[in-house]
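Peer 1: This structure is in structure tokens; I'll ask about it shortly.
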Amino acid sequence: MTRITVRHAAVACAAAGALLVAASVKAQQQQPQALTVQQLAPDVYVATGGGGNSGIIVGTTGVVVIDAKTTPESGKSLLDEIAKLTTKPVTDVILTHSDGDHVNGLASFPAGVHVIAQEGCKKEMEAALAAGGRGAPPADHMPTKVITAPSERMTLDGVVLELHHWVPAHTSGDLVVYLPAQRIVFTGDIIAANRPDTLIHLEKHGSSAGWITTVQGLARLDADRFVPGHGDVQSKANVEERLASVSKKRDQIAALVKEGKSLDEIRSAVGDPAPAAGGRGGGFASFTEVVYRELTGGAGL
């Protein structure tokens, strides 16, 4: 074999190896993430993994789910975990907000399931569906019941719950789910315990001031466990500590804006890490940038 032929063979082998590695990575990415189910109370559970945290409430004859995971595959995994708990069918889904990692798993849910959402959430889902492309919610599982009041008490399959939307916070369509008998709250991404910073979607008309108002409402609920959109279950003390910290930071940012400081100067003053090269970390504006944009209209950016 000539030197050139050997070289060509080595290149071909390397290319083939790279393709095998890429195929393996892709296959791993396509595998649905394993879920972990934790019991919070009799007939109340939280399922973590595969997207945002999901609530599972076993009612008299059916199951109420809070948030539906990220993909059809992770939605199917959630249904499989529910089937291990009960033979009762999933009859209702409550959405805490419109982000894809909480709604797109609906594609695997049974036809005819009732989907409950705040009116802003439904509008955001409709906008995502109209835009099309990856991450659009399932067209045949859009909200069937829309919440318009700031608070609504209802009974679903024998389970008493309250739905609260004080003001836009994480998004325009946030919905807090409160189980008064169990003293458990599902917060959606209003609380994301795995993030040190508060996440506000300005493009979905979220609000930092609204976040504070909403978490003040959360803290007033007679509850001792708060299931966040991501991360571990929180205590009321955890929620109150986060509220105090975020309120203090927002006040500090507002004072610096009033002094005419630039966004970079404010970031440095409040101890934010430098933004990642080439864009925002994780694709989201930091809390500091959100407050700066709200108070300046984006001037100086």
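For the structure tokens, the naming scheme is as follows: chains receive sequential letters (A, B, ...) according to their order of presentation, residues are indexed from 1 within each chain, and ligands are indexed from 1 in presentation order.
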Mind checking DSSP for region 157-211 of chain A and telling me the alpha helix (DSSP H) residues as a PyMOL selection string?
Peer 2: chain A and resi 208-211
Peer 1: Could you please take those selected residues and save N, CA and C atoms as an mmCIF file, in the first residue's frame?
Peer 2:
```cif
data_model
loop_
_atom_site.group_PDB
_atom_site.id
_atom_site.type_symbol
_atom_site.label_atom_id
_atom_site.label_comp_id
_atom_site.auth_asym_id
_atom_site.auth_seq_id
_atom_site.Cartn_x
_atom_site.Cartn_y
_atom_site.Cartn_z
ATOM 1 N N SER A 208 -40.255 42.553 36.132
ATOM 2 C CA SER A 208 -39.516 42.366 37.386
ATOM 3 C C SER A 208 -40.321 42.877 38.575
ATOM 4 N N ALA A 209 -40.988 44.016 38.408
ATOM 5 C CA ALA A 209 -41.851 44.513 39.489
ATOM 6 C C ALA A 209 -43.014 43.550 39.709
ATOM 7 N N GLY A 210 -43.547 43.008 38.612
ATOM 8 C CA GLY A 210 -44.618 42.023 38.720
ATOM 9 C C GLY A 210 -44.156 40.754 39.404
ATOM 10 N N TRP A 211 -42.888 40.386 39.189
ATOM 11 C CA TRP A 211 -42.348 39.202 39.866
ATOM 12 C C TRP A 211 -42.385 39.406 41.378
#
```
Peer 1: Which residues, written as a list of chain:residue names, have at least one atom at most 10 Å from Arg242 (chain A), with only C-alpha atoms counted and residues fewer than 4 positions away on the same chain left out?
Peer 2: A:Ile191, A:Ala193, A:Pro196, A:Asp197, A:Thr198, A:Ile212, A:Val215, A:Lys236, A:Ala237, A:Asn238, A:Val246, A:Ser247, A:Lys248
Peer 1: Compare A:Ala68, A:Leu256, A:Val185, A:Ala169 by their minimum atom-to-atom distance to His141 (chain A), counting only C-alpha atoms, and give me the closest one.
Peer 2: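 Between A:Ala68, A:Leu256, A:Val185, A:Ala169, the residue approaching His141 (chain A) most closely is A:Ala68.
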Peer 1: Name the closest residue to Ala111 (chain A) among the candidates A:Lys145, A:Pro89, A:Met125, A:His97; distances are taken between atoms, counting only C-alpha atoms.
Peer 2: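 That would be A:Pro89, the residue with the smallest distance to Ala111 (chain A).
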Peer 1: Please identify every residue of region 99-133 of chain A that has at least one atom no farther than 12 Å from an atom of region 148-165 of chain A, counting only C-alpha atoms, and for each give the shortest atom pair and the distance in Å to one decimal, arranged by chain then increasing number, as a tab-separated table.
Peer 2:
```
residue	atom	partner	partner_atom	distance
A:His114	CA	A:Leu156	CA	10.7
A:Ile116	CA	A:Leu163	CA	10.0
A:Ala117	CA	A:Thr148	CA	9.1
A:Gln118	CA	A:Thr148	CA	6.3
A:Glu119	CA	A:Thr148	CA	5.9
A:Gly120	CA	A:Thr148	CA	8.8
A:Cys121	CA	A:Thr148	CA	10.7
A:Lys122	CA	A:Thr148	CA	10.9
```
Peer 1: Rank A:Leu218, A:Ala41, A:Leu35, A:Ile94 by their smallest atom-to-atom distance to Lys76 (chain A), using only C-alpha atoms, and report the top residue only.
Peer 2: A:Leu35
Peer 1: Pull the strand (DSSP E) assignments for region 109-200 of chain A out of DSSP run on the backbone, and list those residues as a PyMOL selection string.
Peer 2: chain A and resi 114-118+145-147+151-156+159-164+176-179+184-192
Peer 1: Show which residues sit within 12 Å of Phe226 (chain A), as a PyMOL selection string. Count only C-alpha atoms, and ignore same-chain residues fewer than 5 positions away.
Peer 2: chain A and resi 40+46+53+55+176-179+182-193+215+218-219+221+231-240
Peer 1: Which of these, A:Phe284, A:Tyr45, A:Phe109, A:Tyr292, has the shortest distance to Ala254 (chain A) once you count only C-alpha atoms?
Peer 2: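 Closest candidate: A:Tyr292.
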Peer 1: For Ser207 (chain A), find every residue with an atom within 10 Å (counting only C-alpha atoms), except residues of its own chain fewer than 5 positions away, and show them as a list in words.
Peer 2: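 Surrounding residues, per the criterion: Val167, Pro168, Ala169, His170, Thr171, Ser172, Leu199, Ile200, His201, Leu202, Ile212, Thr213, Val290, Val291 and Glu294 of chain A.
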Peer 1: Can you write out the residues you just picked, keeping C-alpha atoms, as a short mmCIF file (atom, residue, chain, number, x, y, z; two decimals), in the first residue's frame?
Peer 2:
```cif
data_model
loop_
_atom_site.label_atom_id
_atom_site.label_comp_id
_atom_site.auth_asym_id
_atom_site.auth_seq_id
_atom_site.Cartn_x
_atom_site.Cartn_y
_atom_site.Cartn_z
CA VAL A 167 -49.83 40.24 37.56
CA PRO A 168 -47.38 39.32 34.74
CA ALA A 169 -44.10 38.12 36.27
CA HIS A 170 -42.00 35.43 34.54
CA THR A 171 -44.35 35.81 31.54
CA SER A 172 -47.68 37.50 30.85
CA LEU A 199 -35.66 34.84 34.97
CA ILE A 200 -38.04 37.30 33.32
CA HIS A 201 -39.18 36.95 29.69
CA LEU A 202 -39.52 40.53 28.44
CA ILE A 212 -41.99 40.86 43.26
CA THR A 213 -45.77 41.38 43.53
CA VAL A 290 -34.26 43.20 32.41
CA VAL A 291 -34.60 45.85 35.13
CA GLU A 294 -37.66 48.31 31.97
#
```
Peer 1: Kindly indicate which residue among A:Leu106, A:Val58, A:Val270, A:Lys123 lies nearest to Lys84 (chain A), using only C-alpha atoms for the distances.
Peer 2: A:Val58
Peer 1: Can you pull out the residues contacting Val115 (chain A)? Cut-off 6 Å, using only C-alpha atoms, and skip same-chain residues under 2 positions away; I want them as an NGL selection string.
Peer 2: :A and (92-94 or 143-144)
Peer 1: Between CA of Gly62 (chain A) and CA of Glu126 (chain A), what distance in Å does the model show, to one decimal?
Peer 2: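 Going from CA of Gly62 (chain A) over to CA of Glu126 (chain A) covers 27.5 Å.
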